[in-house]
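K.L.:
Next up, run_29.tsv (TSV, C-alpha atoms).
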```tsv
chain	number	residue	atom	x	y	z
A	1	MET	CA	11.35	-74.67	-38.38
A	2	LEU	CA	14.36	-72.58	-37.44
A	3	ARG	CA	13.71	-69.47	-35.43
A	4	ARG	CA	15.38	-66.13	-36.00
A	5	ILE	CA	18.61	-65.79	-34.04
A	6	ASP	CA	20.24	-62.40	-33.56
A	7	PHE	CA	24.02	-62.84	-33.79
A	8	TRP	CA	24.77	-59.18	-34.39
A	9	GLY	CA	24.37	-57.96	-30.83
A	10	PRO	CA	26.59	-59.48	-28.15
A	11	SER	CA	28.62	-61.72	-30.48
A	12	LEU	CA	29.63	-58.84	-32.70
A	13	MET	CA	30.57	-56.69	-29.72
A	14	GLU	CA	32.58	-59.56	-28.24
A	15	SER	CA	34.47	-60.04	-31.51
A	16	VAL	CA	35.32	-56.37	-31.79
A	17	ALA	CA	36.37	-56.27	-28.12
A	18	LEU	CA	38.70	-59.25	-28.64
A	19	ILE	CA	40.25	-57.67	-31.73
A	20	LEU	CA	40.80	-54.36	-29.91
A	21	ALA	CA	42.16	-56.07	-26.77
A	22	GLY	CA	44.59	-58.12	-28.84
A	23	ALA	CA	45.70	-55.01	-30.74
A	24	LEU	CA	46.24	-53.13	-27.48
A	25	ILE	CA	48.33	-56.00	-26.13
A	26	LEU	CA	50.37	-56.03	-29.35
A	27	ILE	CA	50.93	-52.27	-29.27
A	28	GLU	CA	51.66	-51.97	-25.53
A	29	PRO	CA	52.72	-55.38	-24.15
A	30	ALA	CA	54.51	-53.92	-21.12
A	31	MET	CA	51.60	-51.70	-20.07
A	32	THR	CA	48.99	-54.43	-20.47
A	33	SER	CA	51.19	-56.89	-18.56
A	34	LEU	CA	51.45	-54.48	-15.64
A	35	LEU	CA	47.72	-53.83	-15.78
A	36	MET	CA	46.95	-57.56	-15.77
A	37	ALA	CA	49.42	-58.18	-12.92
A	38	ASN	CA	47.74	-55.47	-10.84
A	39	LEU	CA	44.28	-56.81	-11.66
A	40	LEU	CA	45.28	-60.37	-10.73
A	41	ALA	CA	46.90	-59.07	-7.54
A	42	LEU	CA	43.67	-57.33	-6.53
A	43	LEU	CA	41.62	-60.43	-7.29
A	44	GLY	CA	44.09	-62.62	-5.39
A	45	PHE	CA	43.97	-60.29	-2.40
A	46	ALA	CA	40.16	-60.32	-2.39
A	47	TYR	CA	40.11	-64.12	-2.58
A	48	GLY	CA	42.70	-64.36	0.21
A	49	ILE	CA	40.57	-62.15	2.46
A	50	TYR	CA	37.52	-64.27	1.55
A	51	MET	CA	39.39	-67.44	2.57
A	52	ILE	CA	40.37	-65.88	5.90
A	53	ALA	CA	36.78	-64.76	6.53
A	54	ARG	CA	35.53	-68.22	5.59
A	55	TRP	CA	37.97	-69.76	8.07
A	56	PHE	CA	36.58	-67.57	10.87
A	57	ALA	CA	32.98	-68.40	9.85
A	58	ASP	CA	33.72	-72.14	9.64
A	59	ARG	CA	35.51	-72.04	12.98
A	60	LYS	CA	32.36	-70.72	14.64
A	61	LYS	CA	30.48	-73.70	13.16
A	62	GLY	CA	32.99	-76.13	14.64
A	63	TYR	CA	35.14	-76.74	11.56
A	64	ASP	CA	38.79	-76.04	12.14
A	65	SER	CA	40.80	-76.20	8.92
A	66	ILE	CA	43.98	-74.20	9.39
A	67	ALA	CA	44.78	-74.69	5.69
A	68	ASP	CA	42.18	-72.07	4.66
A	69	LEU	CA	43.68	-69.54	7.05
A	70	LEU	CA	47.25	-70.19	5.93
A	71	LEU	CA	46.36	-70.22	2.24
A	72	GLY	CA	44.27	-67.06	2.57
A	73	ALA	CA	46.98	-65.23	4.51
A	74	SER	CA	49.77	-66.28	2.14
A	75	LEU	CA	47.68	-65.41	-0.93
A	76	SER	CA	46.92	-61.99	0.54
A	77	VAL	CA	50.59	-61.30	1.33
A	78	VAL	CA	51.78	-62.44	-2.11
A	79	SER	CA	49.04	-60.39	-3.78
A	80	VAL	CA	50.09	-57.25	-1.91
A	81	ALA	CA	53.72	-57.88	-2.94
A	82	VAL	CA	52.68	-58.31	-6.58
A	83	TYR	CA	50.53	-55.16	-6.45
A	84	LEU	CA	53.32	-53.08	-4.90
A	85	ASN	CA	55.95	-54.24	-7.38
A	86	PRO	CA	54.40	-55.91	-10.44
A	87	ALA	CA	57.39	-55.19	-12.69
A	88	TRP	CA	59.71	-57.23	-10.48
A	89	VAL	CA	57.28	-60.15	-10.43
A	90	LEU	CA	56.77	-60.02	-14.20
A	91	ALA	CA	60.52	-59.85	-14.77
A	92	SER	CA	61.18	-62.83	-12.50
A	93	LEU	CA	58.54	-65.13	-14.04
A	94	PRO	CA	60.57	-65.92	-17.20
A	95	MET	CA	63.66	-66.61	-15.08
A	96	VAL	CA	61.76	-69.01	-12.83
A	97	ALA	CA	60.27	-70.73	-15.90
A	98	GLY	CA	63.75	-70.89	-17.47
A	99	ILE	CA	65.25	-72.55	-14.41
A	100	GLY	CA	62.37	-75.03	-14.40
A	101	MET	CA	62.93	-75.87	-18.07
A	102	ILE	CA	66.67	-76.34	-17.55
A	103	VAL	CA	66.05	-78.65	-14.58
A	104	ASN	CA	63.46	-80.54	-16.64
A	105	GLY	CA	65.95	-81.08	-19.46
A	106	ILE	CA	68.77	-82.14	-17.14
A	107	SER	CA	66.49	-84.57	-15.30
A	108	LYS	CA	66.00	-86.52	-18.55
A	109	ILE	CA	69.69	-87.38	-18.89
A	110	SER	CA	69.35	-90.64	-16.95
A	111	SER	CA	66.46	-91.73	-19.19
A	112	ALA	CA	68.53	-90.97	-22.29
A	113	ILE	CA	71.39	-93.07	-20.91
A	114	GLN	CA	69.00	-95.97	-20.27
A	115	VAL	CA	67.63	-95.72	-23.82
A	116	LYS	CA	71.17	-95.73	-25.24
A	117	LYS	CA	72.20	-98.73	-23.09
A	118	ALA	CA	69.11	-100.60	-24.27
A	119	GLY	CA	70.23	-100.07	-27.87
A	120	GLY	CA	67.63	-97.47	-28.79
A	121	SER	CA	68.08	-94.33	-30.81
A	122	ILE	CA	69.58	-91.45	-28.83
A	123	TRP	CA	68.09	-88.68	-31.02
A	124	GLY	CA	64.65	-88.51	-29.39
A	125	PRO	CA	65.92	-88.38	-25.80
A	126	LEU	CA	68.72	-86.02	-26.84
A	127	LEU	CA	66.16	-83.61	-28.29
A	128	ALA	CA	64.10	-83.95	-25.10
A	129	ILE	CA	67.18	-82.82	-23.18
A	130	VAL	CA	68.62	-80.15	-25.45
A	131	LEU	CA	65.44	-78.24	-26.40
A	132	PRO	CA	64.26	-77.49	-22.84
A	133	VAL	CA	67.81	-76.56	-21.79
A	134	LEU	CA	68.19	-74.17	-24.75
A	135	MET	CA	64.76	-72.60	-24.30
A	136	GLY	CA	65.26	-72.37	-20.54
A	137	SER	CA	68.65	-70.72	-21.05
A	138	PHE	CA	67.07	-68.15	-23.36
A	139	LEU	CA	64.39	-67.40	-20.76
A	140	LEU	CA	67.01	-67.18	-18.04
A	141	PHE	CA	69.40	-64.85	-19.86
A	142	PHE	CA	66.83	-62.74	-21.77
A	143	PRO	CA	63.81	-62.62	-19.44
A	144	ILE	CA	62.32	-59.30	-20.55
A	145	ALA	CA	62.52	-60.01	-24.28
A	146	SER	CA	61.06	-63.48	-23.69
A	147	PHE	CA	58.18	-62.17	-21.62
A	148	GLU	CA	57.38	-59.32	-23.98
A	149	GLY	CA	57.42	-61.72	-26.93
A	150	PHE	CA	55.10	-64.10	-25.10
A	151	VAL	CA	52.69	-61.27	-24.28
A	152	MET	CA	52.72	-60.10	-27.90
A	153	LEU	CA	52.04	-63.66	-29.05
A	154	ALA	CA	49.08	-63.82	-26.67
A	155	GLY	CA	47.81	-60.52	-28.10
A	156	THR	CA	48.09	-61.94	-31.61
A	157	PHE	CA	46.06	-65.00	-30.63
A	158	ILE	CA	43.41	-62.89	-28.92
A	159	SER	CA	43.03	-60.73	-32.04
A	160	MET	CA	42.87	-63.86	-34.22
A	161	ILE	CA	40.10	-65.31	-32.04
A	162	GLY	CA	38.15	-62.07	-32.49
A	163	ILE	CA	38.66	-62.12	-36.26
A	164	PHE	CA	37.62	-65.79	-36.53
A	165	ASP	CA	34.61	-65.10	-34.31
A	166	LEU	CA	33.60	-62.18	-36.52
A	167	PHE	CA	34.03	-64.33	-39.62
A	168	SER	CA	31.88	-67.10	-38.10
A	169	ILE	CA	29.13	-64.59	-37.29
A	170	PHE	CA	29.00	-63.53	-40.93
A	171	LEU	CA	28.99	-67.15	-42.13
A	172	ILE	CA	26.21	-68.18	-39.73
A	173	ASN	CA	24.08	-65.17	-40.66
A	174	ARG	CA	24.64	-65.82	-44.36
A	175	SER	CA	23.61	-69.47	-43.93
A	176	LEU	CA	20.52	-68.47	-41.98
A	177	HIS	CA	19.68	-65.86	-44.62
A	178	ASP	CA	20.05	-68.49	-47.37
A	179	LEU	CA	17.69	-70.75	-45.41
A	180	GLN	CA	15.30	-67.78	-45.30
A	181	VAL	CA	15.28	-67.69	-41.52
A	182	LEU	CA	16.47	-64.08	-41.42
```
Output the file's structure in the form of C-alpha coordinates.

P.N.:
Amino acid sequence: MLRRIDFWGPSLMESVALILAGALILIEPAMTSLLMANLLALLGFAYGIYMIARWFADRKKGYDSIADLLLGASLSVVSVAVYLNPAWVLASLPMVAGIGMIVNGISKISSAIQVKKAGGSIWGPLLAIVLPVLMGSFLLFFPIASFEGFVMLAGTFISMIGIFDLFSIFLINRSLHDLQVL
(Lines of atoms letter the chains of each structure in order from A and count residues from 1; the text may use other names and numbers.)
(Lines give C-alpha, C1' and ligand atoms only; values in the text may rest on other atoms or scores of the structure.)
Protein backbone atom coordinates (compact mmCIF):
# COMPACT_ATOMS: atom_id res chain seq x y z
CA MET A 1 0.00 0.00 0.00
CA LEU A 2 1.28 3.45 -0.87
CA ARG A 3 1.80 5.84 1.97
CA ARG A 4 0.88 9.51 1.93
CA ILE A 5 3.69 11.68 0.60
CA ASP A 6 3.64 15.44 1.11
CA PHE A 7 5.00 17.10 -2.04
CA TRP A 8 3.59 20.53 -1.26
CA GLY A 9 6.16 21.59 1.31
CA PRO A 10 9.81 21.71 0.26
CA SER A 11 9.25 20.77 -3.39
CA LEU A 12 6.78 23.57 -3.95
CA MET A 13 9.05 26.09 -2.24
CA GLU A 14 12.00 24.88 -4.32
CA SER A 15 10.02 25.26 -7.54
CA VAL A 16 8.92 28.79 -6.69
CA ALA A 17 12.48 29.70 -5.65
CA LEU A 18 13.85 28.43 -8.98
CA ILE A 19 11.24 30.37 -10.94
CA LEU A 20 11.98 33.57 -9.00
CA ALA A 21 15.77 33.10 -9.26
CA GLY A 22 15.52 32.55 -13.00
CA ALA A 23 13.30 35.62 -13.38
CA LEU A 24 15.75 37.72 -11.36
CA ILE A 25 18.62 36.55 -13.56
CA LEU A 26 16.58 37.39 -16.67
CA ILE A 27 15.68 40.85 -15.38
CA GLU A 28 19.11 41.77 -13.98
CA PRO A 29 21.79 39.59 -15.62
CA ALA A 30 24.64 41.99 -14.85
CA MET A 31 23.76 42.35 -11.17
CA THR A 32 23.30 38.62 -10.61
CA SER A 33 26.57 37.89 -12.43
CA LEU A 34 28.45 40.26 -10.14
CA LEU A 35 26.72 38.77 -7.11
CA MET A 36 27.63 35.23 -8.18
CA ALA A 37 31.23 36.26 -8.93
CA ASN A 38 31.55 37.76 -5.45
CA LEU A 39 29.96 34.71 -3.84
CA LEU A 40 32.28 32.34 -5.73
CA ALA A 41 35.26 34.53 -4.82
CA LEU A 42 34.37 34.31 -1.13
CA LEU A 43 33.92 30.55 -1.33
CA GLY A 44 37.20 30.19 -3.24
CA PHE A 45 39.02 32.29 -0.66
CA ALA A 46 37.61 30.20 2.19
CA TYR A 47 38.62 26.98 0.45
CA GLY A 48 42.10 28.38 -0.25
CA ILE A 49 42.56 29.23 3.43
CA TYR A 50 41.30 25.75 4.33
CA MET A 51 43.90 24.18 2.02
CA ILE A 52 46.67 26.25 3.58
CA ALA A 53 45.52 25.29 7.09
CA ARG A 54 45.32 21.65 6.04
CA TRP A 55 48.90 21.86 4.72
CA PHE A 56 50.11 23.13 8.10
CA ALA A 57 48.14 20.42 9.94
CA ASP A 58 49.42 17.68 7.62
CA ARG A 59 52.97 18.97 7.94
CA LYS A 60 52.81 18.48 11.71
CA LYS A 61 51.76 14.86 11.07
CA GLY A 62 54.77 14.29 8.82
CA TYR A 63 53.08 14.73 5.44
CA ASP A 64 54.74 17.33 3.28
CA SER A 65 52.73 18.06 0.13
CA ILE A 66 53.70 21.49 -1.13
CA ALA A 67 50.93 21.25 -3.76
CA ASP A 68 48.23 21.96 -1.13
CA LEU A 69 50.07 25.06 0.03
CA LEU A 70 50.65 26.37 -3.49
CA LEU A 71 47.10 25.60 -4.63
CA GLY A 72 45.60 27.14 -1.49
CA ALA A 73 47.73 30.28 -1.77
CA SER A 74 47.04 30.74 -5.49
CA LEU A 75 43.31 30.12 -5.02
CA SER A 76 43.22 32.68 -2.21
CA VAL A 77 45.06 35.30 -4.28
CA VAL A 78 42.88 34.74 -7.36
CA SER A 79 39.74 34.86 -5.20
CA VAL A 80 40.78 38.18 -3.68
CA ALA A 81 41.44 39.55 -7.19
CA VAL A 82 38.01 38.37 -8.36
CA TYR A 83 36.33 39.85 -5.28
CA LEU A 84 38.06 43.21 -5.70
CA ASN A 85 37.26 43.49 -9.40
CA PRO A 86 34.53 41.03 -10.47
CA ALA A 87 33.46 43.09 -13.49
CA TRP A 88 36.91 42.80 -15.07
CA VAL A 89 36.96 39.05 -14.52
CA LEU A 90 33.45 38.60 -15.91
CA ALA A 91 34.31 40.74 -18.93
CA SER A 92 37.47 38.76 -19.65
CA LEU A 93 35.88 35.30 -19.44
CA PRO A 94 34.14 35.51 -22.85
CA MET A 95 37.36 36.76 -24.45
CA VAL A 96 39.36 33.88 -22.99
CA ALA A 97 36.68 31.41 -24.13
CA GLY A 98 36.66 33.04 -27.58
CA ILE A 99 40.42 32.69 -27.96
CA GLY A 100 40.13 29.05 -26.89
CA MET A 101 37.42 28.39 -29.47
CA ILE A 102 39.42 30.06 -32.24
CA VAL A 103 42.51 28.01 -31.36
CA ASN A 104 40.34 24.87 -31.26
CA GLY A 105 38.98 25.56 -34.74
CA ILE A 106 42.40 26.37 -36.20
CA SER A 107 43.91 23.23 -34.68
CA LYS A 108 41.51 21.10 -36.76
CA ILE A 109 42.88 22.35 -40.08
CA SER A 110 45.47 19.57 -40.34
CA SER A 111 42.78 16.94 -39.73
CA ALA A 112 40.62 18.48 -42.46
CA ILE A 113 43.56 18.37 -44.87
CA GLN A 114 44.13 14.69 -44.05
CA VAL A 115 40.45 13.90 -44.64
CA LYS A 116 40.55 15.71 -47.99
CA LYS A 117 43.76 13.91 -49.06
CA ALA A 118 42.16 10.58 -48.14
CA GLY A 119 39.28 11.38 -50.50
CA GLY A 120 36.68 12.08 -47.84
CA SER A 121 34.10 14.81 -47.75
CA ILE A 122 35.47 18.17 -46.64
CA TRP A 123 32.13 19.53 -45.34
CA GLY A 124 32.20 17.92 -41.89
CA PRO A 125 35.76 18.98 -41.05
CA LEU A 126 35.15 22.40 -42.60
CA LEU A 127 32.17 22.93 -40.31
CA ALA A 128 34.28 21.75 -37.36
CA ILE A 129 36.76 24.51 -38.24
CA VAL A 130 34.47 27.36 -39.24
CA LEU A 131 31.85 27.17 -36.46
CA PRO A 132 34.27 27.41 -33.51
CA VAL A 133 36.21 30.19 -35.26
CA LEU A 134 33.03 32.18 -35.92
CA MET A 135 31.63 31.67 -32.42
CA GLY A 136 35.02 32.41 -30.87
CA SER A 137 35.33 35.59 -32.92
CA PHE A 138 31.91 36.72 -31.72
CA LEU A 139 32.93 36.08 -28.11
CA LEU A 140 36.22 37.88 -28.66
CA PHE A 141 34.79 40.99 -30.30
CA PHE A 142 31.49 41.24 -28.36
CA PRO A 143 32.35 39.87 -24.90
CA ILE A 144 29.77 41.76 -22.84
CA ALA A 145 26.82 41.00 -25.12
CA SER A 146 27.89 37.35 -25.28
CA PHE A 147 28.20 37.03 -21.53
CA GLU A 148 24.93 38.82 -20.81
CA GLY A 149 23.14 36.63 -23.33
CA PHE A 150 24.62 33.51 -21.75
CA VAL A 151 23.53 34.62 -18.29
CA MET A 152 20.02 35.36 -19.55
CA LEU A 153 19.89 31.93 -21.18
CA ALA A 154 20.91 30.36 -17.86
CA GLY A 155 18.14 32.34 -16.14
CA THR A 156 15.64 31.05 -18.68
CA PHE A 157 16.70 27.45 -18.05
CA ILE A 158 16.53 27.91 -14.28
CA SER A 159 12.98 29.29 -14.55
CA MET A 160 12.01 26.43 -16.88
CA ILE A 161 13.33 23.87 -14.38
CA GLY A 162 11.19 25.50 -11.69
CA ILE A 163 8.11 25.46 -13.93
CA PHE A 164 8.65 21.80 -14.91
CA ASP A 165 9.23 20.90 -11.26
CA LEU A 166 6.00 22.65 -10.27
CA PHE A 167 4.15 20.86 -13.06
CA SER A 168 5.54 17.48 -11.94
CA ILE A 169 4.42 18.15 -8.36
CA PHE A 170 0.86 18.71 -9.55
CA LEU A 171 0.97 15.58 -11.74
CA ILE A 172 2.33 13.39 -8.95
CA ASN A 173 -0.22 14.69 -6.46
CA ARG A 174 -3.03 14.18 -8.96
CA SER A 175 -1.89 10.60 -9.60
CA LEU A 176 -1.67 9.90 -5.88
CA HIS A 177 -5.11 11.44 -5.37
CA ASP A 178 -6.53 9.24 -8.16
CA LEU A 179 -4.99 6.22 -6.44
CA GLN A 180 -6.74 7.42 -3.26
CA VAL A 181 -3.48 7.75 -1.37
CA LEU A 182 -4.09 11.43 -0.62

K.L.:
Rank nothing, just name the residue among A:Lys61, A:Trp55, A:Leu171, A:Ala30 nearest to Ala73 of chain A, using only C-alpha atoms.

P.N.:
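Closest candidate: A:Trp55.
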
K.L.:
Report, in Å with one decimal, the straight-line distance from atom CA of Gly48 of chain A to atom CA of Met101 of chain A.

P.N.:
29.6 Å

K.L.:
Would you mind listing what lies within 12 Å of Trp88 of chain A as a list in words, with all atoms listed in the file counted and same-chain residues fewer than 3 positions away left out?

P.N.:
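Those residues are Ser33, Leu34, Ala37, Ala81, Val82, Tyr83, Leu84, Asn85, Ala91, Ser92, Leu93, Pro94, Met95, Pro143 and Ile144 of chain A.
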
K.L.:
Under the rule that only C-alpha atoms are counted, which of A:Leu69, A:Ile27, A:Leu90, A:Ile49 is the nearest residue to Ala145 of chain A?

P.N.:
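Closest candidate: A:Leu90.
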
K.L.:
With all atoms listed in the file as the counted atoms, please give the residues lying no more than 12 Å from Leu43 of chain A, apart from itself and same-chain residues fewer than 3 positions off, as a list in words.

P.N.:
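Selected residues are Met36, Ala37, Asn38, Leu39, Leu40, Ala46, Tyr47, Gly48, Ile49, Tyr50, Leu75, Ser76, Val78, Ser79, Val80, Val82 and Tyr83 of chain A.
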